[in-house]
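Please read the structure below before turning to the comments.
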Amino acid sequence: MTLQEIYDLAIEMGSKADPRGKEGVKKSLERAKKQFEELPEKKKAFFDKESLKNPYADSRILLGDSKTKVSKVIVGIDITTGEVVLTDRLNEKGKKIDLIIGHHPEGQALVALDEVMDVQVDVMANLGIPVNVAESLLHDRINQVRRGLSPANHFQSVDAARLLKIPLMCIHTIWDNMGHNFISNHLAKRKPETVGEVLEAIEEIPEFAEAKKTNSGPRVTAGSEKNRAGKVAITGFTGGTSGSKLIYERITNAGIGTIVEMHMPEQHYEEAKKHHLNVIVSGHMASDSLGANLFLDELEKRGVEVVPFSGLIRIKRTK
Ligand SMILES: [Fe+2]
Ligand SMILES: [Fe+2]
């Protein structure tokens with residue numbers, strides 16, 4: 001596959017699994033187009049034109065010619081300068097890695113992480129929370145995330161990859177959409193009645209079973225395994241990063257009893273607990289690996305060899 005084909009496949013698969021639905025994704029692209037067209041000419045030069053084709057600002061080809069042929073890819077959750085140098089060392093030993101793919105965004109994709117948080121509005125709306133409430137609560141949080149990201153050294157690993165001439169790509173919300181979709185469907189089929197049964201159902205998924213072996217599996221962090229689960233919702237799997245902590249009251253009011261999140265900041269945990277939610281934190285690396293694996297199976301089907309590193313728990317679902 002070429003770099004471009006891998007990137008296009010990612011956008012296609014991420015859109016299919018998007019909580020906004022195909023129509024919602026289409027509309028978000030149309031909004032970007034309208035925004036661009038309405039800009040004065042001198043501001044158009046600074047517009048991220050890739051956002052007219054790709055609805056995920058946190059998933060991008062960061063470095064490399066789009067026509068580059070990729071036979072072997074190394075894939076990890078976080079790509080720092082260390083991972084870039086490690087890839088170069090492996091290539092010195094004859095590994096012939098053509099591309100690095102990271103999950104968490106780097107470079108321009110990291111700066112724009114807040115732009116994908118809009119996905120969360122639809123996740124909440126799908127749970128029955130009024131869209132205006134979800135949007136308003138998220139708005140302040142998006143600004144907070146934007147301010148928080150501004151001091152980072154966004155291009156550090158991209159600069160390292162440039163010096164070592166290794167193509168680099170990051171695929172973030174796309175994989176999180178796929179993980180969100182998979183775990184939602186899995187739990188809907190299992191119909192767990194207690195929090196313990198929700199936990200067991202999550203642990204049936206191989207990535208979580210694997211993480212459990214090394215003490216990094218899912219945990220009940222609020223409520224207890226014996227509690228009735230009530231309605232179960234996946235609230236913290238996609239949409240960039242944690243949303244507003246003020247949403248938990250609304251989640252309870254929407255009739256949800258148990259929520260599943262990849263990871264949870266302390267203040268969010270306290271707020272969820274205050275509103276009597278049972279909380280299962282499924283574990284960051286295992287959760288991110290789930291979405292990654294669903295995509296990587298498709299690359300392997302197309303003849304691309306996958307080397308996992310940097311936190312990725314590689315599970316293959318294809319024979
Ligand atoms: Fe993720
Ligand atoms: Fe993550």
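Following the order of the structure tokens, first chain is A, next is B, and so on, with residues numbered from 1 inside each chain and ligands from 1 in the order they appear.
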Expected answer as a PyMOL selection string: alpha helix (DSSP H) residues in segment 123-266 of chain A: chain A and resi 123-126+131-149+156-164+173-190+195-203+206-213+247-253+266
Within 7 Å of Arg228 of chain A using only C-alpha atoms, minus same-chain residues under 4 positions, as an NGL selection string: :A and (193-195)
Leaving out Pro55 of chain A and any residue of its chain fewer than 2 positions from it, which residues lie within 8 Å of it when counting only C-alpha atoms, given as a PDB file with N, CA and C atoms, in the first residue's frame?
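Saved result, out_22.pdb, follows:
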ATOM      1  N   ILE A  11      -9.340   7.110   7.114  1.00  0.00           N
ATOM      2  CA  ILE A  11     -10.450   8.084   7.116  1.00  0.00           C
ATOM      3  C   ILE A  11     -11.778   7.362   6.830  1.00  0.00           C
ATOM      4  N   VAL A  25     -20.759  13.151   9.669  1.00  0.00           N
ATOM      5  CA  VAL A  25     -19.378  13.363   9.205  1.00  0.00           C
ATOM      6  C   VAL A  25     -19.395  14.220   7.936  1.00  0.00           C
ATOM      7  N   SER A  28     -19.988  17.758   8.773  1.00  0.00           N
ATOM      8  CA  SER A  28     -18.838  18.442   9.370  1.00  0.00           C
ATOM      9  C   SER A  28     -17.843  18.875   8.274  1.00  0.00           C
ATOM     10  N   LEU A  29     -17.712  18.043   7.218  1.00  0.00           N
ATOM     11  CA  LEU A  29     -16.851  18.422   6.090  1.00  0.00           C
ATOM     12  C   LEU A  29     -17.443  19.610   5.329  1.00  0.00           C
ATOM     13  N   SER A  51      -8.354  19.617   6.121  1.00  0.00           N
ATOM     14  CA  SER A  51      -9.608  19.452   6.864  1.00  0.00           C
ATOM     15  C   SER A  51     -10.833  19.493   5.947  1.00  0.00           C
ATOM     16  N   LEU A  52     -10.611  19.810   4.657  1.00  0.00           N
ATOM     17  CA  LEU A  52     -11.725  19.782   3.702  1.00  0.00           C
ATOM     18  C   LEU A  52     -11.996  18.349   3.234  1.00  0.00           C
ATOM     19  N   LYS A  53     -10.984  17.471   3.405  1.00  0.00           N
ATOM     20  CA  LYS A  53     -11.130  16.063   2.973  1.00  0.00           C
ATOM     21  C   LYS A  53     -11.150  15.112   4.155  1.00  0.00           C
ATOM     22  N   ALA A  57      -8.956  16.189  12.600  1.00  0.00           N
ATOM     23  CA  ALA A  57      -7.788  17.078  12.637  1.00  0.00           C
ATOM     24  C   ALA A  57      -6.625  16.451  13.402  1.00  0.00           C
TER      25      ALA A  57
END
Given only C-alpha atoms as the counted atoms, nearest of A:Ser224, A:Ser59, A:Gln156, A:Ser310 to Trp175 of chain A: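 Smallest distance to Trp175 of chain A is found for A:Ser59.
With only C-alpha atoms and all ligand atoms as the basis for measurement, A:Leu312 is the residue among A:Leu277, A:Leu168, A:Leu312, A:Met1 that approaches ligand 1 most closely.
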Minimum-distance residue to Ile247 of chain A, chosen among A:Leu299, A:Ile234, A:Leu138, A:Val158 (using only C-alpha atoms):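 Looking only at the distances to Ile247 of chain A, the closest residue turns out to be A:Leu138.
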Nearby residues (only C-alpha atoms) at most 6 Å from segment 73-78 of chain A, same-chain spacing under 5 positions excluded, as JSON, numbers by chain: {"A": [97, 98, 99, 100, 101, 102, 103, 104, 306, 307, 308, 309, 310, 311, 312]}
Suppose we keep C-alpha atoms; can you now write the selection as a CSV table (one decimal), in the first residue's frame?
chain,number,residue,atom,x,y,z
A,97,ILE,CA,10.5,-0.4,8.3
A,98,ASP,CA,8.9,2.0,5.8
A,99,LEU,CA,6.6,4.0,8.1
A,100,ILE,CA,5.9,4.8,11.8
A,101,ILE,CA,2.2,5.1,12.8
A,102,GLY,CA,1.4,6.6,16.3
A,103,HIS,CA,-1.9,6.8,18.0
A,104,HIS,CA,-1.7,9.9,20.1
A,306,VAL,CA,2.9,-4.8,11.3
A,307,VAL,CA,5.5,-4.5,14.1
A,308,PRO,CA,3.9,-3.4,17.4
A,309,PHE,CA,5.8,-1.2,19.9
A,310,SER,CA,5.3,1.6,22.4
A,311,GLY,CA,2.4,0.3,24.4
A,312,LEU,CA,0.4,-1.4,21.6
